[in-house]
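Structure below is coords06.cif: mmCIF, C-alpha atoms.
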data_final
#
loop_
_atom_site.label_atom_id
_atom_site.label_comp_id
_atom_site.auth_asym_id
_atom_site.auth_seq_id
_atom_site.Cartn_x
_atom_site.Cartn_y
_atom_site.Cartn_z
CA MET A 1 0.00 0.00 0.00
CA LYS A 2 1.47 3.35 -0.97
CA PRO A 3 1.64 6.13 1.65
CA HIS A 4 -1.18 8.15 0.07
CA ASP A 5 -3.36 5.04 -0.01
CA ALA A 6 -2.83 4.07 3.62
CA PRO A 7 -5.72 4.10 6.09
CA ASP A 8 -6.30 7.46 7.74
CA ASN A 9 -4.73 6.92 11.17
CA ASP A 10 -6.35 10.08 12.47
CA GLN A 11 -9.87 9.02 11.56
CA PRO A 12 -11.97 8.03 14.58
CA ASN A 13 -14.02 4.86 14.43
CA SER A 14 -17.39 6.55 14.87
CA GLN A 15 -19.14 6.84 11.49
CA ARG A 16 -21.96 4.41 10.62
CA PRO A 17 -21.62 2.27 7.48
CA GLU A 18 -24.25 2.57 4.76
CA THR A 19 -25.58 -1.01 4.73
CA ASP A 20 -28.25 -2.71 2.66
CA GLU A 21 -31.62 -3.76 4.09
CA ASP A 22 -30.07 -7.07 5.10
CA GLY A 23 -27.42 -5.29 7.18
CA LEU A 24 -24.60 -6.19 4.79
CA ILE A 25 -22.29 -3.98 2.76
CA ARG A 26 -20.03 -4.48 -0.25
CA LEU A 27 -16.48 -4.95 0.99
CA GLN A 28 -14.90 -2.27 -1.20
CA LYS A 29 -17.57 0.18 -0.04
CA LEU A 30 -16.82 -0.63 3.61
CA LEU A 31 -13.10 -0.11 3.02
CA ALA A 32 -13.73 3.25 1.35
CA GLN A 33 -16.09 4.41 4.11
CA SER A 34 -13.47 3.41 6.69
CA GLY A 35 -10.93 5.74 5.08
CA VAL A 36 -8.66 3.09 3.56
CA ALA A 37 -8.69 4.67 0.09
CA SER A 38 -11.03 5.60 -2.74
CA ARG A 39 -13.58 2.97 -3.82
CA ARG A 40 -11.61 2.30 -6.99
CA LYS A 41 -8.33 1.89 -5.13
CA CYS A 42 -10.02 -0.43 -2.61
CA GLU A 43 -11.13 -2.61 -5.51
CA GLU A 44 -7.51 -2.73 -6.70
CA LEU A 45 -6.36 -3.75 -3.22
CA MET A 46 -8.89 -6.60 -3.25
CA LEU A 47 -7.87 -7.77 -6.74
CA ASP A 48 -4.21 -7.71 -5.63
CA GLY A 49 -5.05 -10.11 -2.79
CA LEU A 50 -4.29 -7.59 -0.06
CA VAL A 51 -7.65 -7.76 1.74
CA GLU A 52 -8.69 -10.53 4.13
CA VAL A 53 -12.03 -11.21 5.78
CA ASP A 54 -12.14 -13.62 8.71
CA GLY A 55 -8.73 -14.99 7.77
CA GLU A 56 -9.44 -15.56 4.07
CA VAL A 57 -8.23 -13.46 1.13
CA VAL A 58 -11.17 -11.92 -0.72
CA THR A 59 -10.64 -10.95 -4.35
CA ARG A 60 -14.20 -11.12 -5.69
CA LEU A 61 -15.59 -7.64 -6.14
CA GLY A 62 -19.10 -7.25 -4.81
CA THR A 63 -18.50 -9.57 -1.85
CA LYS A 64 -20.75 -8.48 1.00
CA VAL A 65 -19.83 -8.57 4.69
CA ASP A 66 -21.44 -7.76 8.00
CA PRO A 67 -19.61 -4.61 9.18
CA ARG A 68 -20.49 -5.37 12.80
CA THR A 69 -18.76 -8.75 12.99
CA ALA A 70 -16.36 -9.20 10.04
CA VAL A 71 -12.64 -9.25 10.91
CA VAL A 72 -11.16 -7.28 8.01
CA ARG A 73 -7.46 -6.77 7.35
CA VAL A 74 -5.75 -4.66 4.71
CA GLU A 75 -2.14 -5.69 4.14
CA GLY A 76 -2.30 -7.51 7.46
CA LYS A 77 -3.54 -4.52 9.46
CA ARG A 78 -6.80 -4.91 11.34
CA LEU A 79 -9.71 -2.69 10.34
CA PRO A 80 -12.05 -2.56 13.34
CA PRO A 81 -15.81 -2.87 12.87
CA ILE A 82 -17.57 0.44 12.39
CA SER A 83 -20.09 0.78 15.20
CA ASP A 84 -21.79 3.24 17.48
CA LYS A 85 -19.50 2.22 20.35
CA VAL A 86 -17.24 4.90 21.81
CA TYR A 87 -13.51 4.48 22.42
CA LEU A 88 -11.78 7.41 24.10
CA VAL A 89 -8.29 8.13 25.37
CA LEU A 90 -8.08 10.55 28.30
CA ASN A 91 -5.11 12.29 29.87
CA LYS A 92 -6.13 11.79 33.51
CA PRO A 93 -5.03 14.64 35.77
CA ARG A 94 -3.21 13.96 39.00
CA GLY A 95 -5.64 13.72 41.93
CA VAL A 96 -8.53 12.29 39.93
CA VAL A 97 -9.86 8.93 41.18
CA SER A 98 -10.05 6.15 38.58
CA THR A 99 -13.73 5.46 39.16
CA MET A 100 -16.86 6.82 37.53
CA SER A 101 -18.27 7.98 40.89
CA ASP A 102 -17.00 8.32 44.45
CA PRO A 103 -19.02 8.23 47.70
CA GLU A 104 -16.43 10.47 49.36
CA GLY A 105 -17.05 13.22 46.85
CA ARG A 106 -13.58 13.19 45.31
CA ARG A 107 -13.08 14.20 41.67
CA THR A 108 -13.47 11.18 39.38
CA LEU A 109 -13.25 10.11 35.75
CA GLY A 110 -17.03 10.40 35.69
CA ASP A 111 -16.73 14.12 36.38
CA LEU A 112 -14.46 14.54 33.35
CA VAL A 113 -16.98 12.90 31.00
CA ALA A 114 -20.15 14.19 32.67
CA ASP A 115 -21.26 15.90 29.46
CA ARG A 116 -21.31 12.63 27.48
CA ALA A 117 -24.52 10.62 27.12
CA GLU A 118 -22.84 7.19 27.01
CA ARG A 119 -22.37 4.99 30.06
CA LEU A 120 -18.59 4.68 29.98
CA PHE A 121 -16.22 2.18 31.56
CA HIS A 122 -12.54 2.74 32.28
CA VAL A 123 -10.10 0.10 31.00
CA GLY A 124 -7.79 -0.64 33.92
CA ARG A 125 -6.91 1.94 36.53
CA LEU A 126 -4.42 4.62 37.45
CA ASP A 127 -3.59 5.52 41.03
CA THR A 128 -5.16 8.75 42.20
CA ASP A 129 -1.74 10.40 42.41
CA THR A 130 -0.70 9.05 38.99
CA GLU A 131 -1.54 11.01 35.85
CA GLY A 132 -1.66 10.16 32.20
CA LEU A 133 -3.24 7.89 29.66
CA ILE A 134 -6.38 5.90 30.40
CA ILE A 135 -8.93 4.44 27.96
CA LEU A 136 -12.69 4.88 28.35
CA THR A 137 -15.38 3.03 26.41
CA ASN A 138 -18.99 1.87 26.45
CA ASP A 139 -17.94 -1.46 24.90
CA GLY A 140 -17.96 -3.82 27.86
CA ASP A 141 -16.44 -6.79 25.99
CA PHE A 142 -13.57 -4.64 24.73
CA ALA A 143 -12.89 -3.26 28.23
CA GLN A 144 -12.98 -6.70 29.82
CA HIS A 145 -10.75 -8.37 27.24
CA LEU A 146 -8.18 -5.57 27.10
CA ALA A 147 -7.86 -5.44 30.89
CA HIS A 148 -7.57 -9.22 31.30
CA PRO A 149 -4.06 -10.29 32.47
CA SER A 150 -3.65 -12.70 29.54
CA HIS A 151 -4.23 -9.91 27.01
CA GLU A 152 -2.65 -6.87 28.67
CA VAL A 153 -0.57 -4.81 26.29
CA ASP A 154 2.65 -2.97 27.09
CA LYS A 155 2.23 0.21 29.09
CA THR A 156 4.91 2.89 29.26
CA TYR A 157 5.45 5.18 32.24
CA VAL A 158 7.69 8.16 32.92
CA ALA A 159 8.64 8.54 36.58
CA GLU A 160 10.43 11.26 38.47
CA VAL A 161 12.28 9.38 41.19
CA GLU A 162 14.56 10.18 44.10
CA GLY A 163 18.29 9.83 43.59
CA GLY A 164 20.49 9.15 40.59
CA VAL A 165 19.54 6.02 38.69
CA HIS A 166 22.68 4.23 37.56
CA VAL A 167 23.21 1.83 34.68
CA ARG A 168 23.38 -1.09 37.10
CA THR A 169 19.86 -0.25 38.31
CA VAL A 170 18.54 -0.21 34.76
CA ARG A 171 20.14 -3.62 34.23
CA GLN A 172 18.54 -4.85 37.45
CA LEU A 173 15.11 -3.72 36.22
CA LEU A 174 15.56 -5.36 32.83
CA ALA A 175 16.68 -8.61 34.47
CA GLY A 176 13.40 -8.79 36.39
CA VAL A 177 12.54 -7.89 39.97
CA GLU A 178 10.91 -10.12 42.58
CA LEU A 179 8.29 -8.33 44.69
CA ASP A 180 6.26 -9.70 47.59
CA ASP A 181 3.41 -10.70 45.27
CA GLY A 182 5.59 -12.16 42.53
CA PRO A 183 8.11 -11.26 39.82
CA VAL A 184 7.82 -8.24 37.55
CA THR A 185 9.05 -8.29 33.96
CA VAL A 186 10.25 -4.97 32.54
CA SER A 187 10.22 -4.82 28.73
CA ALA A 188 12.26 -1.62 28.45
CA ALA A 189 13.91 0.87 30.79
CA ARG A 190 16.05 3.95 30.34
CA VAL A 191 17.08 7.13 32.12
CA LEU A 192 15.70 10.26 30.45
CA GLY A 193 17.02 12.91 32.83
CA GLY A 194 19.21 13.51 35.84
CA ASP A 195 22.85 12.48 36.04
CA PRO A 196 23.20 8.75 36.79
CA ARG A 197 26.97 9.16 37.22
CA ARG A 198 26.57 11.37 40.30
CA GLU A 199 25.99 9.53 43.57
CA GLY A 200 24.58 12.71 45.10
CA SER A 201 22.06 13.41 42.35
CA ASN A 202 18.72 14.50 43.83
CA ARG A 203 16.44 13.02 41.20
CA SER A 204 16.20 11.18 37.90
CA ILE A 205 13.60 10.82 35.17
CA VAL A 206 13.08 7.18 34.25
CA GLU A 207 10.99 5.63 31.46
CA LEU A 208 9.96 2.01 31.73
CA THR A 209 7.58 -0.34 29.94
CA ILE A 210 5.71 -3.21 31.56
CA HIS A 211 2.54 -5.14 30.75
CA GLU A 212 1.47 -5.85 34.32
CA GLY A 213 -1.51 -4.23 35.99
CA ARG A 214 -1.03 -5.04 39.65
CA ASN A 215 -1.84 -2.39 42.22
CA ARG A 216 0.76 0.42 42.32
CA ILE A 217 3.17 -1.89 40.51
CA VAL A 218 5.43 0.82 39.06
CA ARG A 219 5.77 2.67 42.35
CA ARG A 220 6.52 -0.55 44.23
CA LEU A 221 8.98 -1.65 41.57
CA LEU A 222 11.01 1.56 41.65
CA ASP A 223 10.86 1.76 45.45
CA HIS A 224 12.22 -1.79 45.58
CA VAL A 225 15.34 -0.77 43.62
CA GLY A 226 15.92 2.22 45.90
CA HIS A 227 14.27 5.07 43.96
CA PRO A 228 10.92 6.15 45.44
CA VAL A 229 8.62 7.84 42.94
CA ARG A 230 7.91 11.54 43.27
CA ARG A 231 5.68 11.83 40.23
CA LEU A 232 4.37 9.25 37.77
CA THR A 233 2.77 9.56 34.32
CA ARG A 234 1.53 6.82 32.02
CA THR A 235 2.43 7.93 28.50
CA GLN A 236 1.46 4.96 26.32
CA ILE A 237 -0.77 1.87 26.13
CA GLY A 238 0.14 -0.34 23.19
CA PRO A 239 -0.03 1.88 20.09
CA VAL A 240 -1.87 4.70 21.89
CA THR A 241 0.20 7.66 23.11
CA LEU A 242 -0.55 10.88 24.93
CA SER A 243 1.10 12.86 22.15
CA ARG A 244 -0.10 16.48 22.52
CA LEU A 245 -3.13 15.63 24.67
CA ARG A 246 -3.14 18.05 27.60
CA SER A 247 -4.17 17.17 31.15
CA GLY A 248 -7.94 16.61 31.30
CA GLU A 249 -8.32 16.44 27.51
CA MET A 250 -9.60 13.43 25.58
CA ARG A 251 -9.97 12.23 22.01
CA GLU A 252 -11.33 9.25 20.14
CA LEU A 253 -9.08 6.33 19.35
CA THR A 254 -8.12 6.22 15.69
CA VAL A 255 -9.02 3.33 13.41
CA ALA A 256 -5.39 2.11 13.47
CA GLU A 257 -5.12 2.29 17.27
CA LEU A 258 -8.42 0.51 17.83
CA GLY A 259 -7.60 -2.20 15.31
CA GLU A 260 -4.29 -2.97 17.01
CA LEU A 261 -5.85 -2.98 20.49
CA MET A 262 -8.61 -5.33 19.31
CA ASP A 263 -5.94 -7.69 18.00
CA SER A 264 -4.13 -7.49 21.34
CA ALA A 265 -7.36 -8.32 23.16
CA GLN A 266 -8.08 -11.13 20.66
CA LEU A 267 -11.47 -9.66 19.73
#
Go ahead and express the file in the form of structure tokens.
Amino acid sequence: MKPHDAPDNDQPNSQRPETDEDGLIRLQKLLAQSGVASRRKCEELMLDGLVEVDGEVVTRLGTKVDPRTAVVRVEGKRLPPISDKVYLVLNKPRGVVSTMSDPEGRRTLGDLVADRAERLFHVGRLDTDTEGLIILTNDGDFAQHLAHPSHEVDKTYVAEVEGGVHVRTVRQLLAGVELDDGPVTVSAARVLGGDPRREGSNRSIVELTIHEGRNRIVRRLLDHVGHPVRRLTRTQIGPVTLSRLRSGEMRELTVAELGELMDSAQL
């Protein structure tokens, strides 16, 4: 697929497909409506054997599919079903509780989306004193699958910690750390700021990637290696990044992001 023919990564997955009375739609029409390319170019992609439906290559023009259930791939990349479900990414501010309501009257995720009509769920949690990326949706199956331990995707955090983090500590993290409730596997770790060569350094900025979701796992992990966390931000979940999303702001997941997350959750 040429660059100008690639799916529009910035397009949210919110428009409704124009189906027939039987609820089906021609495959090339679905691809075009999803932002893959023009109708004519989508037909060329099909004829070139670059489109799959439910694991089978489809080259016959005019093939109809159910846009609600068909697993469509273009050059191997998942195209999520177009539906009226909502998939949002929010930059959670520090101090906001990761619940939709709170009996103690604290500020919650529900307060940040109070103007939306949908009944939203949060996928996973962030500690109240942790800020950053969290996903909200009204798709219960998606939320449940994505949060399940067997399907959890990599999550990246940036932490301001006490003291200078040395190379040996990074190696210790990458080798795996045993906590009271079991081992933790760190996929990636690096020092972004501070001077790890100075024993007297007051602080460091550390980035690490894990796929675990245990309670306060990042804080406990860094405390275990001698660097208590001062401030913690989750910057990425799988393909989804904060990018330029400011604190308290949200946006819809793009088609590309949602497709990759659905693959990760085996939906």
- Query: Which one of A:Gln236, A:Gly248, A:Asp141, A:Glu162 sits closest to Asp111 in chain A if you count all atoms listed in the file?
  - Reply: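 Distance minimum relative to Asp111 in chain A lands on A:Gly248.
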- Residue among A:Val53, A:Thr209, A:Leu267, A:Thr108 lying closest to Gln144 in chain A, counting all atoms listed in the file: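 Of the candidates, the smallest distance to Gln144 in chain A is held by A:Leu267.
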- Message: Assuming the chain letters and numbering stay as they are in my file, what does the PyMOL selection byres ((chain A and resi 170) around 12) actually select? List them as a PyMOL selection string.
- Response: chain A and resi 164-169+171-177+186-192+196+206-209+221-222+225-227
Would you write out those residues with C-alpha atoms, as a PDB file, in the frame of the given file?
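This went into result_33.pdb:
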ATOM      1  CA  GLY A 164      20.490   9.150  40.590  1.00  0.00           C
ATOM      2  CA  VAL A 165      19.540   6.020  38.690  1.00  0.00           C
ATOM      3  CA  HIS A 166      22.680   4.230  37.560  1.00  0.00           C
ATOM      4  CA  VAL A 167      23.210   1.830  34.680  1.00  0.00           C
ATOM      5  CA  ARG A 168      23.380  -1.090  37.100  1.00  0.00           C
ATOM      6  CA  THR A 169      19.860  -0.250  38.310  1.00  0.00           C
ATOM      7  CA  ARG A 171      20.140  -3.620  34.230  1.00  0.00           C
ATOM      8  CA  GLN A 172      18.540  -4.850  37.450  1.00  0.00           C
ATOM      9  CA  LEU A 173      15.110  -3.720  36.220  1.00  0.00           C
ATOM     10  CA  LEU A 174      15.560  -5.360  32.830  1.00  0.00           C
ATOM     11  CA  ALA A 175      16.680  -8.610  34.470  1.00  0.00           C
ATOM     12  CA  GLY A 176      13.400  -8.790  36.390  1.00  0.00           C
ATOM     13  CA  VAL A 177      12.540  -7.890  39.970  1.00  0.00           C
ATOM     14  CA  VAL A 186      10.250  -4.970  32.540  1.00  0.00           C
ATOM     15  CA  SER A 187      10.220  -4.820  28.730  1.00  0.00           C
ATOM     16  CA  ALA A 188      12.260  -1.620  28.450  1.00  0.00           C
ATOM     17  CA  ALA A 189      13.910   0.870  30.790  1.00  0.00           C
ATOM     18  CA  ARG A 190      16.050   3.950  30.340  1.00  0.00           C
ATOM     19  CA  VAL A 191      17.080   7.130  32.120  1.00  0.00           C
ATOM     20  CA  LEU A 192      15.700  10.260  30.450  1.00  0.00           C
ATOM     21  CA  PRO A 196      23.200   8.750  36.790  1.00  0.00           C
ATOM     22  CA  VAL A 206      13.080   7.180  34.250  1.00  0.00           C
ATOM     23  CA  GLU A 207      10.990   5.630  31.460  1.00  0.00           C
ATOM     24  CA  LEU A 208       9.960   2.010  31.730  1.00  0.00           C
ATOM     25  CA  THR A 209       7.580  -0.340  29.940  1.00  0.00           C
ATOM     26  CA  LEU A 221       8.980  -1.650  41.570  1.00  0.00           C
ATOM     27  CA  LEU A 222      11.010   1.560  41.650  1.00  0.00           C
ATOM     28  CA  VAL A 225      15.340  -0.770  43.620  1.00  0.00           C
ATOM     29  CA  GLY A 226      15.920   2.220  45.900  1.00  0.00           C
ATOM     30  CA  HIS A 227      14.270   5.070  43.960  1.00  0.00           C
TER      31      HIS A 227
END
Could you write out as lines of an AutoDock Vina configuration file the box around range 51-55 of chain A (axis-aligned, all atoms listed in the file, 8 Å on each side), with centre and edge lengths in Å to one decimal?
center_x = -9.9
center_y = -11.4
center_z = 5.2
size_x = 20.5
size_y = 23.2
size_z = 23.0
- For the structure shown, which residues end up in the PyMOL selection byres ((chain A and resi 232) around 10)? Put them as a VMD selection string, please? chain A and resid 94 126 to 127 129 to 132 157 to 161 205 to 207 218 to 219 229 to 231 233 to 235
- Counting only C-alpha atoms, the residue among A:Ala256, A:Arg203, A:Leu27, A:Met46 that lies closest to Pro228 in chain A is A:Arg203
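Atom pair CA of Pro239 in chain A / CA of Pro93 in chain A has a distance of 20.8 Å (rounded to one decimal).
The nearest approach to Leu179 in chain A among the residues A:Ile217, A:Leu112, A:Val72, A:Leu133, with all atoms listed in the file taken into account, belongs to A:Ile217.
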- Item | Cut-off 10 Å around (-18.3, -8.1, 13.1) with all atoms listed in the file: residues as a PyMOL selection string | chain A and resi 54+65-72+80-83+267
